[in-house]
Amino acid sequence: MAPDGSLRAPGVALPSGACDCHAHICGPAATYPYDRERIYTPPDATLESYRHLLVVLGVERAVLVQPSVYGTDNRAMLAALRIAGPGFRGVAVVEPTIAAGDVERLHQAGVRGVRLNLVDRREGRNAVPAEIVRALADRIAPFGWHIEFLLNLDEAPGFAAAVAGLPVAIVLGHLGYPRAGARDWIKAPAFASLMDLLAGGRCWVKLTGPYRISGAPDLPYDDVDAAAARLARSAPGRLIWGSDWPHVMMKKPMPNDGALCDLLARWVPDAATRRRILVDNPTVLYGFGADERIRR
């Protein structure tokens, strides 16, 4: 499905400098064809459409994350970063053996992390390749990058051990992405492990994709509230937010992006804490300069 075209501003305005830390550029497919081994085919979701969304939402910074449909072909994302200019960063997908010179070129283009998708794969789901992770971490550490994992934390019991002692920060999407769903997530042993990771000071969690873990068919996905609120109370300095636009592989009614923004105000009613999540934390993780804002 394509994202909802009925754009509206959030009911609670976002603070100046707010950052969308998780969005994908898909296509145009005629220019940037998708990987043959992909497990879904999205409609085009271009930089032009995304920038219009950011204006409506009142977002001034953004992070483009390489979608799985492109594999390690980062050309669409890099082209978007070139056009977008200040206020944008990227998270790439790379080969574990990437050369230092290639990391340097990606860094100059605005990339600040690499993504490992351990969910959308044909086999080995949620299996953490510890040796590959450590080798990759060593390659990117000199650049201050992080590794972003997409995995179902409740089905990856060895994750904490696999990332222990890495020389880089780690980022987890979708509140830890429990495959069992959000209803009892805060009671799960894996959630306690997540809290331990956050307490260690090297882990970040994205408040993204509530529809991906909710058992509810549509907004407001209220079974996600308890986990999101607990994270905000316990680790406000380790959280970031993202729209997850254009909501690829959506299996529920397509949500309105303004309504999705409103969920953050419900999860985090304190304005100062929301500012920390939307502005301060992304500034640290992605290295935004004070003047780097999206050009209107």
# chains A, B, ... in the order shown; residues from 1 in each chain; ligands from 1

$ closest_atom_pairs --of "range 35-115 of chain A" --to "range 247-266 of chain A" --cutoff "9 Å" --atoms "only C-alpha atoms" --output "CSV"
residue,atom,partner,partner_atom,distance
A:Tyr40,CA,A:Met249,CA,6.8
A:Thr41,CA,A:Met249,CA,8.3
A:Pro42,CA,A:Val248,CA,6.4
A:Pro43,CA,A:Val248,CA,8.8
A:Leu53,CA,A:Asp257,CA,8.3
A:Val56,CA,A:Gly258,CA,8.4
A:Leu57,CA,A:Gly258,CA,6.6
A:Pro67,CA,A:Val248,CA,9.0

$ residues_around --residues "range 86-92 of chain A" --least-positions-apart "6" --cutoff "9 Å" --atoms "only C-alpha atoms" --output "NGL selection string"
:A and (19 or 21 or 60-67 or 72-74 or 77-78 or 106-107 or 109-115 or 146-148 or 286-289 or 291-295)

$ write_last_selection --atoms "N, CA, C and O atoms" --output "CSV table (one decimal), in the first residue's frame"
chain,number,residue,atom,x,y,z
A,19,CYS,N,13.4,15.5,14.9
A,19,CYS,CA,14.0,14.6,13.9
A,19,CYS,C,13.2,13.4,13.8
A,19,CYS,O,12.8,12.7,14.7
A,21,CYS,N,13.7,9.8,12.8
A,21,CYS,CA,14.9,9.0,12.8
A,21,CYS,C,14.7,7.7,12.0
A,21,CYS,O,15.6,6.8,12.1
A,60,GLU,N,12.2,18.9,11.2
A,60,GLU,CA,13.2,19.7,10.6
A,60,GLU,C,14.5,18.9,10.4
A,60,GLU,O,15.5,19.4,9.8
A,61,ARG,N,14.5,17.7,10.8
A,61,ARG,CA,15.7,16.8,10.5
A,61,ARG,C,15.1,15.4,10.3
A,61,ARG,O,14.0,15.0,10.7
A,62,ALA,N,15.9,14.6,9.5
A,62,ALA,CA,15.5,13.3,9.2
A,62,ALA,C,16.6,12.3,8.9
A,62,ALA,O,17.7,12.7,8.6
A,63,VAL,N,16.3,11.0,9.2
A,63,VAL,CA,17.3,10.0,8.9
A,63,VAL,C,16.7,9.0,8.0
A,63,VAL,O,15.6,8.4,8.3
A,64,LEU,N,17.3,8.8,6.8
A,64,LEU,CA,16.9,7.8,5.8
A,64,LEU,C,17.6,6.5,6.1
A,64,LEU,O,18.8,6.4,6.2
A,65,VAL,N,16.8,5.4,6.3
A,65,VAL,CA,17.3,4.1,6.6
A,65,VAL,C,17.1,3.2,5.3
A,65,VAL,O,16.0,3.1,4.8
A,66,GLN,N,18.2,2.5,5.0
A,66,GLN,CA,18.2,1.7,3.8
A,66,GLN,C,17.1,0.6,3.9
A,66,GLN,O,17.2,-0.2,4.9
A,67,PRO,N,16.1,0.5,3.0
A,67,PRO,CA,15.1,-0.6,3.1
A,67,PRO,C,15.7,-1.9,2.6
A,67,PRO,O,16.5,-1.9,1.7
A,72,THR,N,22.3,-4.3,-0.5
A,72,THR,CA,23.4,-3.4,-0.2
A,72,THR,C,23.6,-2.3,-1.3
A,72,THR,O,24.6,-1.6,-1.3
A,73,ASP,N,22.6,-2.2,-2.2
A,73,ASP,CA,22.6,-1.1,-3.2
A,73,ASP,C,22.0,0.2,-2.6
A,73,ASP,O,20.8,0.3,-2.5
A,74,ASN,N,22.9,1.0,-2.1
A,74,ASN,CA,22.5,2.2,-1.4
A,74,ASN,C,22.2,3.4,-2.3
A,74,ASN,O,22.1,4.6,-1.8
A,77,MET,N,19.1,5.8,-1.6
A,77,MET,CA,19.3,6.6,-0.4
A,77,MET,C,20.4,7.7,-0.6
A,77,MET,O,20.2,8.8,-0.2
A,78,LEU,N,21.5,7.3,-1.2
A,78,LEU,CA,22.6,8.3,-1.3
A,78,LEU,C,22.2,9.4,-2.3
A,78,LEU,O,22.5,10.6,-2.0
A,106,LEU,N,30.9,7.0,2.4
A,106,LEU,CA,29.6,7.0,2.9
A,106,LEU,C,29.4,8.0,4.0
A,106,LEU,O,28.4,8.7,4.1
A,107,HIS,N,30.5,8.2,4.8
A,107,HIS,CA,30.4,9.2,5.9
A,107,HIS,C,30.3,10.6,5.3
A,107,HIS,O,29.5,11.4,5.8
A,109,ALA,N,29.0,11.4,2.7
A,109,ALA,CA,27.6,11.5,2.1
A,109,ALA,C,26.5,11.7,3.1
A,109,ALA,O,25.4,12.0,2.8
A,110,GLY,N,26.9,11.5,4.4
A,110,GLY,CA,25.9,11.7,5.5
A,110,GLY,C,25.5,10.5,6.2
A,110,GLY,O,24.6,10.5,7.1
A,111,VAL,N,26.1,9.4,5.9
A,111,VAL,CA,25.8,8.1,6.6
A,111,VAL,C,26.4,8.1,7.9
A,111,VAL,O,27.6,8.5,8.1
A,112,ARG,N,25.6,7.6,8.9
A,112,ARG,CA,26.2,7.6,10.3
A,112,ARG,C,25.9,6.2,11.0
A,112,ARG,O,26.2,6.1,12.2
A,113,GLY,N,25.5,5.2,10.2
A,113,GLY,CA,25.3,3.9,10.8
A,113,GLY,C,25.1,2.9,9.7
A,113,GLY,O,24.9,3.2,8.5
A,114,VAL,N,25.1,1.6,10.1
A,114,VAL,CA,24.8,0.5,9.2
A,114,VAL,C,23.6,-0.3,9.8
A,114,VAL,O,23.5,-0.4,11.1
A,115,ARG,N,22.9,-0.9,9.0
A,115,ARG,CA,21.7,-1.6,9.4
A,115,ARG,C,21.9,-3.1,9.1
A,115,ARG,O,22.3,-3.5,8.0
A,146,HIS,N,27.1,3.7,14.3
A,146,HIS,CA,26.4,2.7,15.2
A,146,HIS,C,25.9,1.6,14.3
A,146,HIS,O,25.9,1.7,13.0
A,147,ILE,N,25.5,0.5,14.9
A,147,ILE,CA,24.8,-0.6,14.2
A,147,ILE,C,23.4,-0.6,14.6
A,147,ILE,O,23.1,-0.7,15.8
A,148,GLU,N,22.5,-0.6,13.6
A,148,GLU,CA,21.1,-0.6,13.9
A,148,GLU,C,20.6,-2.0,13.5
A,148,GLU,O,20.8,-2.5,12.4
A,286,TYR,N,23.2,11.0,15.7
A,286,TYR,CA,23.5,11.2,14.3
A,286,TYR,C,24.5,12.4,14.0
A,286,TYR,O,24.8,12.6,12.9
A,287,GLY,N,24.9,13.1,15.1
A,287,GLY,CA,25.9,14.1,14.9
A,287,GLY,C,25.4,15.3,14.2
A,287,GLY,O,26.1,15.9,13.3
A,288,PHE,N,24.2,15.8,14.4
A,288,PHE,CA,23.7,17.0,13.7
A,288,PHE,C,24.3,18.2,14.3
A,288,PHE,O,24.5,18.3,15.5
A,289,GLY,N,24.7,19.1,13.4
A,289,GLY,CA,25.2,20.4,13.8
A,289,GLY,C,24.0,21.3,14.1
A,289,GLY,O,22.9,21.1,13.7
A,291,ASP,N,23.2,24.2,13.0
A,291,ASP,CA,22.5,24.8,11.8
A,291,ASP,C,21.9,23.8,10.9
A,291,ASP,O,21.4,24.3,9.9
A,292,GLU,N,22.1,22.5,11.1
A,292,GLU,CA,21.7,21.6,10.1
A,292,GLU,C,20.2,21.3,10.3
A,292,GLU,O,19.8,20.5,11.1
A,293,ARG,N,19.4,21.9,9.4
A,293,ARG,CA,18.0,21.8,9.4
A,293,ARG,C,17.6,21.6,7.9
A,293,ARG,O,18.3,22.0,7.0
A,294,ILE,N,16.4,20.9,7.8
A,294,ILE,CA,15.9,20.7,6.4
A,294,ILE,C,15.6,22.0,5.7
A,294,ILE,O,14.9,22.8,6.2
A,295,ARG,N,16.1,22.0,4.5
A,295,ARG,CA,15.8,23.2,3.6
A,295,ARG,C,14.3,23.1,3.1
A,295,ARG,O,13.9,22.1,2.6

$ residues_around --residues "Ser16 in chain A" --least-positions-apart "3" --cutoff "9 Å" --atoms "only C-alpha atoms" --output "mmCIF file with N, CA and C atoms, in the first residue's frame"
data_model
loop_
_atom_site.group_PDB
_atom_site.id
_atom_site.type_symbol
_atom_site.label_atom_id
_atom_site.label_comp_id
_atom_site.auth_asym_id
_atom_site.auth_seq_id
_atom_site.Cartn_x
_atom_site.Cartn_y
_atom_site.Cartn_z
ATOM 1 N N GLY A 58 5.957 19.276 10.601
ATOM 2 C CA GLY A 58 6.783 20.203 11.365
ATOM 3 C C GLY A 58 8.093 19.585 11.811
ATOM 4 N N VAL A 59 8.633 18.666 11.019
ATOM 5 C CA VAL A 59 9.895 17.992 11.315
ATOM 6 C C VAL A 59 11.022 18.686 10.561
ATOM 7 N N GLU A 60 12.156 18.935 11.232
ATOM 8 C CA GLU A 60 13.244 19.705 10.642
ATOM 9 C C GLU A 60 14.520 18.912 10.402
ATOM 10 N N ARG A 275 10.922 16.636 23.935
ATOM 11 C CA ARG A 275 11.993 17.371 23.252
ATOM 12 C C ARG A 275 13.305 16.593 23.310
ATOM 13 N N VAL A 279 14.665 15.836 19.754
ATOM 14 C CA VAL A 279 15.703 16.792 19.357
ATOM 15 C C VAL A 279 17.078 16.417 19.914
#

$ atom_distance --atom1 "CA of Ile240 in chain A" --atom2 "CA of Trp204 in chain A"
7.3 Å

$ select_by_dssp --residues "range 74-263 of chain A" --states "strand (DSSP E or B)" --output "number ranges by chain"
A: 88-92, 111-117, 146-150, 169-172, 203-207, 239-241, 245

$ select_by_dssp --residues "range 36-281 of chain A" --states "alpha helix (DSSP H)" --output "ChimeraX atom specification"
/A:47-57,75-84,100-109,130-140,159-163,189-199,210-213,225-234,257-267,271-275,281

$ atom_distance --atom1 "CA of Ala84 in chain A" --atom2 "CA of Ala29 in chain A"
19.0 Å

$ closest_residue --among "A:Ile213, A:Leu54, A:Val119, A:Ala23" --to "Arg179 in chain A" --atoms "only C-alpha atoms"
A:Ile213

$ residues_around --residues "Ala199 in chain A" --least-positions-apart "4" --cutoff "10 Å" --atoms "only C-alpha atoms" --output "list in words"
Ser193, Leu194, Met195, Cys203, Trp204, Ser234, Ala235 and Arg238 of chain A

$ write_last_selection --atoms "all heavy atoms" --output "PDB file, in the first residue's frame"
ATOM      1  N   SER A 193      15.796  -7.668  29.597  1.00  0.00           N
ATOM      2  CA  SER A 193      17.106  -7.619  28.948  1.00  0.00           C
ATOM      3  C   SER A 193      17.286  -6.311  28.197  1.00  0.00           C
ATOM      4  O   SER A 193      18.378  -5.720  28.212  1.00  0.00           O
ATOM      5  CB  SER A 193      17.250  -8.805  27.987  1.00  0.00           C
ATOM      6  OG  SER A 193      18.461  -8.740  27.269  1.00  0.00           O
ATOM      7  N   LEU A 194      16.214  -5.849  27.561  1.00  0.00           N
ATOM      8  CA  LEU A 194      16.265  -4.566  26.858  1.00  0.00           C
ATOM      9  C   LEU A 194      16.561  -3.436  27.833  1.00  0.00           C
ATOM     10  O   LEU A 194      17.381  -2.542  27.549  1.00  0.00           O
ATOM     11  CB  LEU A 194      14.944  -4.323  26.136  1.00  0.00           C
ATOM     12  CG  LEU A 194      14.780  -2.974  25.429  1.00  0.00           C
ATOM     13  CD1 LEU A 194      15.848  -2.788  24.363  1.00  0.00           C
ATOM     14  CD2 LEU A 194      13.385  -2.860  24.814  1.00  0.00           C
ATOM     15  N   MET A 195      15.927  -3.447  28.982  1.00  0.00           N
ATOM     16  CA  MET A 195      16.175  -2.411  29.976  1.00  0.00           C
ATOM     17  C   MET A 195      17.628  -2.442  30.449  1.00  0.00           C
ATOM     18  O   MET A 195      18.240  -1.392  30.684  1.00  0.00           O
ATOM     19  CB  MET A 195      15.218  -2.579  31.155  1.00  0.00           C
ATOM     20  CG  MET A 195      13.738  -2.458  30.794  1.00  0.00           C
ATOM     21  SD  MET A 195      13.319  -0.885  30.014  1.00  0.00           S
ATOM     22  CE  MET A 195      13.539   0.232  31.398  1.00  0.00           C
ATOM     23  N   CYS A 203      23.120   1.508  24.117  1.00  0.00           N
ATOM     24  CA  CYS A 203      21.976   1.065  23.334  1.00  0.00           C
ATOM     25  C   CYS A 203      20.947   2.188  23.221  1.00  0.00           C
ATOM     26  O   CYS A 203      20.719   2.928  24.181  1.00  0.00           O
ATOM     27  CB  CYS A 203      21.338  -0.169  23.971  1.00  0.00           C
ATOM     28  SG  CYS A 203      19.871  -0.799  23.120  1.00  0.00           S
ATOM     29  N   TRP A 204      20.339   2.289  22.034  1.00  0.00           N
ATOM     30  CA  TRP A 204      19.255   3.227  21.779  1.00  0.00           C
ATOM     31  C   TRP A 204      18.056   2.443  21.271  1.00  0.00           C
ATOM     32  O   TRP A 204      18.221   1.400  20.621  1.00  0.00           O
ATOM     33  CB  TRP A 204      19.652   4.249  20.716  1.00  0.00           C
ATOM     34  CG  TRP A 204      20.877   5.051  21.024  1.00  0.00           C
ATOM     35  CD1 TRP A 204      22.167   4.638  20.908  1.00  0.00           C
ATOM     36  CD2 TRP A 204      20.928   6.401  21.482  1.00  0.00           C
ATOM     37  NE1 TRP A 204      23.023   5.654  21.269  1.00  0.00           N
ATOM     38  CE2 TRP A 204      22.290   6.742  21.622  1.00  0.00           C
ATOM     39  CE3 TRP A 204      19.954   7.357  21.776  1.00  0.00           C
ATOM     40  CZ2 TRP A 204      22.711   8.007  22.052  1.00  0.00           C
ATOM     41  CZ3 TRP A 204      20.365   8.612  22.197  1.00  0.00           C
ATOM     42  CH2 TRP A 204      21.723   8.924  22.335  1.00  0.00           C
ATOM     43  N   SER A 234      11.921   5.275  32.079  1.00  0.00           N
ATOM     44  CA  SER A 234      13.148   4.652  32.563  1.00  0.00           C
ATOM     45  C   SER A 234      14.401   5.093  31.818  1.00  0.00           C
ATOM     46  O   SER A 234      15.488   5.145  32.396  1.00  0.00           O
ATOM     47  CB  SER A 234      13.023   3.125  32.468  1.00  0.00           C
ATOM     48  OG  SER A 234      11.918   2.656  33.212  1.00  0.00           O
ATOM     49  N   ALA A 235      14.266   5.379  30.524  1.00  0.00           N
ATOM     50  CA  ALA A 235      15.458   5.669  29.719  1.00  0.00           C
ATOM     51  C   ALA A 235      15.204   6.782  28.710  1.00  0.00           C
ATOM     52  O   ALA A 235      15.425   6.605  27.511  1.00  0.00           O
ATOM     53  CB  ALA A 235      15.914   4.400  29.010  1.00  0.00           C
ATOM     54  N   ARG A 238      17.810   7.602  26.037  1.00  0.00           N
ATOM     55  CA  ARG A 238      18.253   6.563  25.093  1.00  0.00           C
ATOM     56  C   ARG A 238      17.199   6.276  24.031  1.00  0.00           C
ATOM     57  O   ARG A 238      17.302   5.276  23.313  1.00  0.00           O
ATOM     58  CB  ARG A 238      18.571   5.261  25.836  1.00  0.00           C
ATOM     59  CG  ARG A 238      19.473   5.381  27.039  1.00  0.00           C
ATOM     60  CD  ARG A 238      20.791   6.044  26.731  1.00  0.00           C
ATOM     61  NE  ARG A 238      21.559   5.339  25.719  1.00  0.00           N
ATOM     62  CZ  ARG A 238      22.711   5.778  25.212  1.00  0.00           C
ATOM     63  NH1 ARG A 238      23.182   6.948  25.590  1.00  0.00           N
ATOM     64  NH2 ARG A 238      23.359   5.088  24.310  1.00  0.00           N
TER      65      ARG A 238
END

$ residues_around --residues "Gly237 in chain A" --least-positions-apart "4" --cutoff "10 Å" --atoms "only C-alpha atoms" --output "PyMOL selection string"
chain A and resi 198+201+204-205+231-233+273+276-277+280-282

$ write_last_selection --atoms "N, CA, C and O atoms" --output "PDB file, in the first residue's frame"
ATOM      1  N   LEU A 198      19.765  -0.790  27.789  1.00  0.00           N
ATOM      2  CA  LEU A 198      19.632   0.659  27.851  1.00  0.00           C
ATOM      3  C   LEU A 198      20.429   1.235  29.017  1.00  0.00           C
ATOM      4  O   LEU A 198      21.068   2.279  28.896  1.00  0.00           O
ATOM      5  N   GLY A 201      24.185   2.123  28.597  1.00  0.00           N
ATOM      6  CA  GLY A 201      24.619   3.373  27.991  1.00  0.00           C
ATOM      7  C   GLY A 201      25.112   3.287  26.562  1.00  0.00           C
ATOM      8  O   GLY A 201      25.574   4.294  26.007  1.00  0.00           O
ATOM      9  N   TRP A 204      20.339   2.289  22.034  1.00  0.00           N
ATOM     10  CA  TRP A 204      19.255   3.227  21.779  1.00  0.00           C
ATOM     11  C   TRP A 204      18.056   2.443  21.271  1.00  0.00           C
ATOM     12  O   TRP A 204      18.221   1.400  20.621  1.00  0.00           O
ATOM     13  N   VAL A 205      16.873   2.929  21.536  1.00  0.00           N
ATOM     14  CA  VAL A 205      15.654   2.271  21.056  1.00  0.00           C
ATOM     15  C   VAL A 205      14.810   3.275  20.289  1.00  0.00           C
ATOM     16  O   VAL A 205      14.650   4.423  20.724  1.00  0.00           O
ATOM     17  N   LEU A 231       9.469   2.749  28.796  1.00  0.00           N
ATOM     18  CA  LEU A 231      10.755   3.137  28.226  1.00  0.00           C
ATOM     19  C   LEU A 231      11.019   4.630  28.437  1.00  0.00           C
ATOM     20  O   LEU A 231      12.129   5.025  28.787  1.00  0.00           O
ATOM     21  N   ALA A 232       9.991   5.441  28.225  1.00  0.00           N
ATOM     22  CA  ALA A 232      10.159   6.887  28.374  1.00  0.00           C
ATOM     23  C   ALA A 232      10.461   7.283  29.811  1.00  0.00           C
ATOM     24  O   ALA A 232      11.223   8.221  30.060  1.00  0.00           O
ATOM     25  N   ARG A 233       9.853   6.590  30.757  1.00  0.00           N
ATOM     26  CA  ARG A 233      10.120   6.887  32.167  1.00  0.00           C
ATOM     27  C   ARG A 233      11.510   6.433  32.582  1.00  0.00           C
ATOM     28  O   ARG A 233      12.195   7.111  33.346  1.00  0.00           O
ATOM     29  N   THR A 273      10.538  15.989  28.085  1.00  0.00           N
ATOM     30  CA  THR A 273      11.008  14.652  27.728  1.00  0.00           C
ATOM     31  C   THR A 273      10.811  14.386  26.242  1.00  0.00           C
ATOM     32  O   THR A 273      11.667  13.780  25.587  1.00  0.00           O
ATOM     33  N   ARG A 276      13.556  15.967  24.423  1.00  0.00           N
ATOM     34  CA  ARG A 276      14.779  15.172  24.549  1.00  0.00           C
ATOM     35  C   ARG A 276      14.794  14.049  23.506  1.00  0.00           C
ATOM     36  O   ARG A 276      15.807  13.801  22.841  1.00  0.00           O
ATOM     37  N   ILE A 277      13.657  13.373  23.363  1.00  0.00           N
ATOM     38  CA  ILE A 277      13.549  12.254  22.427  1.00  0.00           C
ATOM     39  C   ILE A 277      13.591  12.727  20.976  1.00  0.00           C
ATOM     40  O   ILE A 277      14.223  12.088  20.119  1.00  0.00           O
ATOM     41  N   ASP A 280      17.176  16.340  21.226  1.00  0.00           N
ATOM     42  CA  ASP A 280      18.490  16.194  21.857  1.00  0.00           C
ATOM     43  C   ASP A 280      19.141  14.848  21.549  1.00  0.00           C
ATOM     44  O   ASP A 280      20.325  14.786  21.186  1.00  0.00           O
ATOM     45  N   ASN A 281      18.398  13.768  21.700  1.00  0.00           N
ATOM     46  CA  ASN A 281      18.976  12.442  21.487  1.00  0.00           C
ATOM     47  C   ASN A 281      19.417  12.216  20.042  1.00  0.00           C
ATOM     48  O   ASN A 281      20.537  11.716  19.806  1.00  0.00           O
ATOM     49  N   PRO A 282      18.600  12.561  19.042  1.00  0.00           N
ATOM     50  CA  PRO A 282      19.069  12.399  17.660  1.00  0.00           C
ATOM     51  C   PRO A 282      20.288  13.256  17.330  1.00  0.00           C
ATOM     52  O   PRO A 282      21.132  12.853  16.524  1.00  0.00           O
TER      53      PRO A 282
END

$ closest_residue --among "A:Leu207, A:Ala141, A:Val163, A:Ala99" --to "Pro129 in chain A" --atoms "only C-alpha atoms"
A:Val163

$ atom_distance --atom1 "CA of Ser214 in chain A" --atom2 "CA of Arg183 in chain A"
7.3 Å

$ residues_around --residues "Ile140 in chain A" --least-positions-apart "3" --cutoff "8 Å" --atoms "only C-alpha atoms" --output "list in words"
Ala100, Val103, Leu136, Ala137, Phe143, Gly144, Trp145, His146 and Val168 of chain A

$ write_last_selection --atoms "N, CA, C and O atoms" --output "short mmCIF file (atom, residue, chain, number, x, y, z; two decimals), in the first residue's frame"
data_model
loop_
_atom_site.label_atom_id
_atom_site.label_comp_id
_atom_site.auth_asym_id
_atom_site.auth_seq_id
_atom_site.Cartn_x
_atom_site.Cartn_y
_atom_site.Cartn_z
N ALA A 100 37.72 0.53 4.41
CA ALA A 100 37.71 1.79 5.15
C ALA A 100 37.45 2.97 4.22
O ALA A 100 36.75 3.93 4.59
N VAL A 103 33.77 3.26 3.65
CA VAL A 103 33.11 3.82 4.83
C VAL A 103 33.30 5.33 4.85
O VAL A 103 32.37 6.09 5.13
N LEU A 136 32.32 -5.99 11.65
CA LEU A 136 31.72 -4.77 11.11
C LEU A 136 31.87 -3.61 12.09
O LEU A 136 32.19 -2.48 11.69
N ALA A 137 31.67 -3.90 13.37
CA ALA A 137 31.81 -2.85 14.39
C ALA A 137 33.23 -2.29 14.39
O ALA A 137 33.43 -1.07 14.51
N PHE A 143 34.73 5.89 12.77
CA PHE A 143 33.90 6.95 12.23
C PHE A 143 32.76 7.37 13.17
O PHE A 143 31.98 8.25 12.85
N GLY A 144 32.69 6.72 14.33
CA GLY A 144 31.65 7.05 15.28
C GLY A 144 30.27 6.57 14.88
O GLY A 144 29.27 7.08 15.38
N TRP A 145 30.21 5.58 14.00
CA TRP A 145 28.93 5.05 13.55
C TRP A 145 28.33 4.09 14.57
O TRP A 145 28.98 3.70 15.55
N HIS A 146 27.09 3.71 14.34
CA HIS A 146 26.41 2.71 15.16
C HIS A 146 25.91 1.58 14.25
O HIS A 146 25.91 1.70 13.02
N VAL A 168 30.98 0.12 19.38
CA VAL A 168 30.03 1.07 18.78
C VAL A 168 28.70 0.97 19.50
O VAL A 168 28.42 -0.02 20.19
#

$ residues_around --residues "range 123-125 of chain A" --least-positions-apart "4" --cutoff "10 Å" --atoms "only C-alpha atoms" --output "list in words"
Asn117, Leu118, Val119, Pro129, Leu151, Asn152, Glu155 and Ala156 of chain A

$ write_last_selection --atoms "N, CA, C and O atoms" --output "mmCIF file, in the first residue's frame"
data_model
loop_
_atom_site.group_PDB
_atom_site.id
_atom_site.type_symbol
_atom_site.label_atom_id
_atom_site.label_comp_id
_atom_site.auth_asym_id
_atom_site.auth_seq_id
_atom_site.Cartn_x
_atom_site.Cartn_y
_atom_site.Cartn_z
ATOM 1 N N ASN A 117 19.360 -6.270 9.089
ATOM 2 C CA ASN A 117 17.978 -6.752 9.153
ATOM 3 C C ASN A 117 18.012 -8.255 9.355
ATOM 4 O O ASN A 117 18.375 -9.004 8.443
ATOM 5 N N LEU A 118 17.658 -8.691 10.554
ATOM 6 C CA LEU A 118 17.676 -10.116 10.887
ATOM 7 C C LEU A 118 16.276 -10.703 10.925
ATOM 8 O O LEU A 118 16.088 -11.831 11.381
ATOM 9 N N VAL A 119 15.296 -9.948 10.420
ATOM 10 C CA VAL A 119 13.899 -10.387 10.408
ATOM 11 C C VAL A 119 13.441 -10.745 9.006
ATOM 12 O O VAL A 119 12.953 -11.846 8.764
ATOM 13 N N PRO A 129 24.720 -12.972 13.819
ATOM 14 C CA PRO A 129 26.045 -13.460 13.399
ATOM 15 C C PRO A 129 27.137 -12.721 14.152
ATOM 16 O O PRO A 129 27.688 -11.730 13.672
ATOM 17 N N LEU A 151 15.409 -6.791 14.612
ATOM 18 C CA LEU A 151 15.229 -8.169 15.047
ATOM 19 C C LEU A 151 14.127 -8.217 16.086
ATOM 20 O O LEU A 151 13.812 -7.211 16.722
ATOM 21 N N ASN A 152 13.529 -9.399 16.218
ATOM 22 C CA ASN A 152 12.531 -9.622 17.259
ATOM 23 C C ASN A 152 13.278 -10.012 18.525
ATOM 24 O O ASN A 152 13.738 -11.138 18.662
ATOM 25 N N GLU A 155 12.760 -13.205 20.408
ATOM 26 C CA GLU A 155 13.157 -14.467 19.778
ATOM 27 C C GLU A 155 14.659 -14.505 19.509
ATOM 28 O O GLU A 155 15.132 -15.315 18.703
ATOM 29 N N ALA A 156 15.407 -13.652 20.186
ATOM 30 C CA ALA A 156 16.860 -13.600 20.026
ATOM 31 C C ALA A 156 17.514 -13.625 21.396
ATOM 32 O O ALA A 156 18.088 -12.628 21.849
#

$ closest_residue --among "A:Arg121, A:Arg82, A:Arg212, A:Arg51" --to "Asp244 in chain A" --atoms "only C-alpha atoms"
A:Arg212

$ closest_residue --among "A:Trp241, A:Val12, A:Ala227, A:Arg36" --to "Pro269 in chain A" --atoms "only C-alpha atoms"
A:Val12

$ closest_residue --among "A:Ser68, A:His52, A:Leu172, A:Leu285" --to "Ser6 in chain A" --atoms "only C-alpha atoms"
A:His52

$ closest_residue --among "A:Ala162, A:Tyr221, A:Gly242, A:Ala272" --to "His24 in chain A" --atoms "only C-alpha atoms"
A:Gly242
